[in-house]
Every structure is written in structure tokens, then in C-alpha cells.
Amino acid sequence: MLFIEYPKCTTCRKAKKWLDEHQISYEDRHIVEDNPKAEELKEWIAKSGYPIKRFFNTSGMKYRDLGLKDKLPQMSEEEQIELLSTDGMLVKRPLVIGDDFVLVGFKEEQWGNTIK
């Protein structure tokens, strides 16, 4: 299982603590130092069943600075994925990628029901 985080993010720290407390093994990846590639994002979005917008960190400064709330609706899926792949700070975190699931953000109940 792959756990993608931004270590300074409090939600990511809570999620990591939850994984550790439940003795779930994972590979840790820093979202800024090793930003998800467009191909990875395409695969994860498809596997997750979520709309692309769910993968954007809509509360982040970068999202607001770029005015993405107004720009995303005019962009194609391909353009949105390319944009996400340019900067880890644009991507909602944490991300957990398993063999047959992708979780975006940390919701304890959802994680407990999904991660075995």
C-alpha cells in the first residue's frame, strides 16, 4: 500500500498515526519531493471512482492563488491531470493507494471500512 503525504500537514500526521496504530504496513511518499505523475493520477482517479475535482487540494493557497475554482470547469480532464502533476501542493492529501482502492483525504470511518 502506498501512503502519500505532506509531513507538515496535520491531517496527514493523523492518518499516519492511524495506520501505525492499526499496524498497517505502507510505503511512505512525500507529495512535494515525489509529486504524483500524470500517468499515476490517471490510474488512481479511475480506480477511485471519484471525480477529478476530489483530487484537488481546494483549501490550499496554491489552488486559490491560481484561481482554479473558476478555471477548472473550463479545462479538460487531461489538462486537469497535467496541472495536478505539476505541483504536489495542488493535490489533496493524504492519499492511500491499495491494490483495489484509492482513498483521498482522511476520514477514519471510511479508512476503517476500506483498509484491511
# chains A, B, ... in the order shown; residues from 1 in each chain; ligands from 1
$ residues_around --residues "Tyr6 (chain A)" --least-positions-apart "6" --cutoff "8 Å" --atoms "only C-alpha atoms" --output "PDB file with all heavy atoms, in the first residue's frame"
ATOM      1  N   CYS A  12      -2.467  14.632   7.560  1.00  0.00           N
ATOM      2  CA  CYS A  12      -1.569  13.547   7.147  1.00  0.00           C
ATOM      3  C   CYS A  12      -0.946  12.874   8.366  1.00  0.00           C
ATOM      4  O   CYS A  12      -0.829  11.647   8.416  1.00  0.00           O
ATOM      5  CB  CYS A  12      -0.467  14.071   6.231  1.00  0.00           C
ATOM      6  SG  CYS A  12      -1.055  14.659   4.629  1.00  0.00           S
ATOM      7  N   HIS A  30       6.592  11.368   0.042  1.00  0.00           N
ATOM      8  CA  HIS A  30       6.433  12.811   0.249  1.00  0.00           C
ATOM      9  C   HIS A  30       5.848  13.417  -1.027  1.00  0.00           C
ATOM     10  O   HIS A  30       6.450  13.337  -2.094  1.00  0.00           O
ATOM     11  CB  HIS A  30       7.804  13.408   0.560  1.00  0.00           C
ATOM     12  CG  HIS A  30       7.777  14.814   1.065  1.00  0.00           C
ATOM     13  ND1 HIS A  30       7.283  15.866   0.316  1.00  0.00           N
ATOM     14  CD2 HIS A  30       8.190  15.346   2.237  1.00  0.00           C
ATOM     15  CE1 HIS A  30       7.406  16.986   1.008  1.00  0.00           C
ATOM     16  NE2 HIS A  30       7.958  16.690   2.180  1.00  0.00           N
ATOM     17  N   ILE A  31       4.687  14.044  -0.904  1.00  0.00           N
ATOM     18  CA  ILE A  31       3.937  14.513  -2.075  1.00  0.00           C
ATOM     19  C   ILE A  31       4.620  15.652  -2.835  1.00  0.00           C
ATOM     20  O   ILE A  31       4.401  15.812  -4.030  1.00  0.00           O
ATOM     21  CB  ILE A  31       2.498  14.907  -1.679  1.00  0.00           C
ATOM     22  CG1 ILE A  31       1.595  14.928  -2.904  1.00  0.00           C
ATOM     23  CG2 ILE A  31       2.478  16.237  -0.929  1.00  0.00           C
ATOM     24  CD1 ILE A  31       0.131  14.863  -2.586  1.00  0.00           C
ATOM     25  N   VAL A  32       5.475  16.413  -2.166  1.00  0.00           N
ATOM     26  CA  VAL A  32       6.156  17.516  -2.846  1.00  0.00           C
ATOM     27  C   VAL A  32       7.479  17.051  -3.445  1.00  0.00           C
ATOM     28  O   VAL A  32       7.805  17.375  -4.588  1.00  0.00           O
ATOM     29  CB  VAL A  32       6.379  18.707  -1.885  1.00  0.00           C
ATOM     30  CG1 VAL A  32       7.193  19.808  -2.553  1.00  0.00           C
ATOM     31  CG2 VAL A  32       5.036  19.255  -1.410  1.00  0.00           C
ATOM     32  N   ARG A  93      -4.514  15.636   0.055  1.00  0.00           N
ATOM     33  CA  ARG A  93      -3.752  14.643   0.781  1.00  0.00           C
ATOM     34  C   ARG A  93      -4.379  14.375   2.138  1.00  0.00           C
ATOM     35  O   ARG A  93      -5.166  15.196   2.595  1.00  0.00           O
ATOM     36  CB  ARG A  93      -2.304  15.095   0.914  1.00  0.00           C
ATOM     37  CG  ARG A  93      -2.211  16.471   1.564  1.00  0.00           C
ATOM     38  CD  ARG A  93      -0.854  17.103   1.366  1.00  0.00           C
ATOM     39  NE  ARG A  93      -0.844  18.387   2.020  1.00  0.00           N
ATOM     40  CZ  ARG A  93      -1.039  19.533   1.428  1.00  0.00           C
ATOM     41  NH1 ARG A  93      -1.266  19.593   0.148  1.00  0.00           N
ATOM     42  NH2 ARG A  93      -1.025  20.652   2.113  1.00  0.00           N
ATOM     43  N   PRO A  94      -4.059  13.275   2.741  1.00  0.00           N
ATOM     44  CA  PRO A  94      -3.221  12.198   2.241  1.00  0.00           C
ATOM     45  C   PRO A  94      -3.957  11.359   1.200  1.00  0.00           C
ATOM     46  O   PRO A  94      -5.176  11.410   1.091  1.00  0.00           O
ATOM     47  CB  PRO A  94      -2.945  11.364   3.490  1.00  0.00           C
ATOM     48  CG  PRO A  94      -4.167  11.566   4.339  1.00  0.00           C
ATOM     49  CD  PRO A  94      -4.588  12.983   4.089  1.00  0.00           C
TER      50      PRO A  94
END
$ closest_residue --among "A:Glu82, A:Glu40, A:Asp65, A:Glu108" --to "Trp18 (chain A)" --atoms "only C-alpha atoms"
A:Glu108
$ closest_residue --among "A:Lys17, A:Arg54, A:Arg29, A:Thr86" --to "Leu103 (chain A)" --atoms "only C-alpha atoms"
A:Arg54
$ atom_distance --atom1 "CA of Lys116 (chain A)" --atom2 "CA of Met89 (chain A)"
28.3 Å
$ select_by_dssp --residues "region 5-110 of chain A" --states "alpha helix (DSSP H)" --output "ChimeraX atom specification"
/A:10-21,38-48,61-65,68-71,77-84,108-110
$ residues_around --residues "Gly60 (chain A)" --least-positions-apart "4" --cutoff "10 Å" --atoms "only C-alpha atoms" --output "PyMOL selection string"
chain A and resi 56+64-65+89-92
$ closest_residue --among "A:Asp87, A:Lys107, A:Asp100, A:Lys69" --to "Lys14 (chain A)" --atoms "only C-alpha atoms"
A:Lys107
$ atom_distance --atom1 "CA of Lys62 (chain A)" --atom2 "CA of Glu109 (chain A)"
28.8 Å
$ atom_distance --atom1 "CA of Met61 (chain A)" --atom2 "CA of Gly98 (chain A)"
28.6 Å
$ select_by_dssp --residues "chain A" --states "strand (DSSP E)" --output "PDB file with N, CA, C and O atoms, in the first residue's frame"
ATOM      1  N   LEU A   2       0.475   2.242  -0.747  1.00  0.00           N
ATOM      2  CA  LEU A   2       1.237   3.483  -0.853  1.00  0.00           C
ATOM      3  C   LEU A   2       0.507   4.586  -0.085  1.00  0.00           C
ATOM      4  O   LEU A   2      -0.694   4.785  -0.262  1.00  0.00           O
ATOM      5  N   PHE A   3       1.236   5.266   0.792  1.00  0.00           N
ATOM      6  CA  PHE A   3       0.701   6.384   1.575  1.00  0.00           C
ATOM      7  C   PHE A   3       1.432   7.639   1.122  1.00  0.00           C
ATOM      8  O   PHE A   3       2.644   7.754   1.265  1.00  0.00           O
ATOM      9  N   ILE A   4       0.685   8.561   0.524  1.00  0.00           N
ATOM     10  CA  ILE A   4       1.277   9.805   0.020  1.00  0.00           C
ATOM     11  C   ILE A   4       0.859  10.942   0.936  1.00  0.00           C
ATOM     12  O   ILE A   4      -0.330  11.164   1.162  1.00  0.00           O
ATOM     13  N   GLU A   5       1.860  11.654   1.449  1.00  0.00           N
ATOM     14  CA  GLU A   5       1.587  12.672   2.451  1.00  0.00           C
ATOM     15  C   GLU A   5       2.474  13.900   2.276  1.00  0.00           C
ATOM     16  O   GLU A   5       3.484  13.873   1.587  1.00  0.00           O
ATOM     17  N   GLU A  27       4.138   2.006   2.201  1.00  0.00           N
ATOM     18  CA  GLU A  27       5.294   2.719   1.678  1.00  0.00           C
ATOM     19  C   GLU A  27       4.953   4.197   1.766  1.00  0.00           C
ATOM     20  O   GLU A  27       3.897   4.633   1.312  1.00  0.00           O
ATOM     21  N   ASP A  28       5.828   4.968   2.369  1.00  0.00           N
ATOM     22  CA  ASP A  28       5.602   6.392   2.593  1.00  0.00           C
ATOM     23  C   ASP A  28       6.216   7.204   1.452  1.00  0.00           C
ATOM     24  O   ASP A  28       7.327   6.920   1.023  1.00  0.00           O
ATOM     25  N   ARG A  29       5.479   8.201   0.980  1.00  0.00           N
ATOM     26  CA  ARG A  29       5.975   9.042  -0.114  1.00  0.00           C
ATOM     27  C   ARG A  29       5.613  10.495   0.148  1.00  0.00           C
ATOM     28  O   ARG A  29       4.466  10.811   0.444  1.00  0.00           O
ATOM     29  N   HIS A  30       6.592  11.368   0.042  1.00  0.00           N
ATOM     30  CA  HIS A  30       6.433  12.811   0.249  1.00  0.00           C
ATOM     31  C   HIS A  30       5.848  13.417  -1.027  1.00  0.00           C
ATOM     32  O   HIS A  30       6.450  13.337  -2.094  1.00  0.00           O
ATOM     33  N   LEU A  95      -3.174  10.608   0.461  1.00  0.00           N
ATOM     34  CA  LEU A  95      -3.693   9.634  -0.497  1.00  0.00           C
ATOM     35  C   LEU A  95      -3.228   8.261  -0.053  1.00  0.00           C
ATOM     36  O   LEU A  95      -2.079   8.106   0.363  1.00  0.00           O
ATOM     37  N   VAL A  96      -4.115   7.294  -0.124  1.00  0.00           N
ATOM     38  CA  VAL A  96      -3.736   5.908   0.136  1.00  0.00           C
ATOM     39  C   VAL A  96      -4.135   5.106  -1.090  1.00  0.00           C
ATOM     40  O   VAL A  96      -5.288   5.149  -1.516  1.00  0.00           O
ATOM     41  N   ILE A  97      -3.157   4.409  -1.638  1.00  0.00           N
ATOM     42  CA  ILE A  97      -3.415   3.607  -2.830  1.00  0.00           C
ATOM     43  C   ILE A  97      -3.159   2.143  -2.501  1.00  0.00           C
ATOM     44  O   ILE A  97      -2.038   1.760  -2.155  1.00  0.00           O
ATOM     45  N   VAL A 102      -8.532   3.507  -3.779  1.00  0.00           N
ATOM     46  CA  VAL A 102      -7.795   4.758  -3.600  1.00  0.00           C
ATOM     47  C   VAL A 102      -8.627   5.603  -2.649  1.00  0.00           C
ATOM     48  O   VAL A 102      -9.828   5.783  -2.859  1.00  0.00           O
ATOM     49  N   LEU A 103      -7.998   6.093  -1.589  1.00  0.00           N
ATOM     50  CA  LEU A 103      -8.674   6.983  -0.651  1.00  0.00           C
ATOM     51  C   LEU A 103      -8.021   8.354  -0.719  1.00  0.00           C
ATOM     52  O   LEU A 103      -6.796   8.464  -0.759  1.00  0.00           O
ATOM     53  N   VAL A 104      -8.854   9.382  -0.733  1.00  0.00           N
ATOM     54  CA  VAL A 104      -8.380  10.767  -0.827  1.00  0.00           C
ATOM     55  C   VAL A 104      -8.834  11.497   0.420  1.00  0.00           C
ATOM     56  O   VAL A 104     -10.020  11.541   0.726  1.00  0.00           O
TER      57      VAL A 104
END
$ closest_residue --among "A:Gln80, A:Ile24, A:Ala38, A:Gly67" --to "Lys53 (chain A)" --atoms "only C-alpha atoms"
A:Gln80
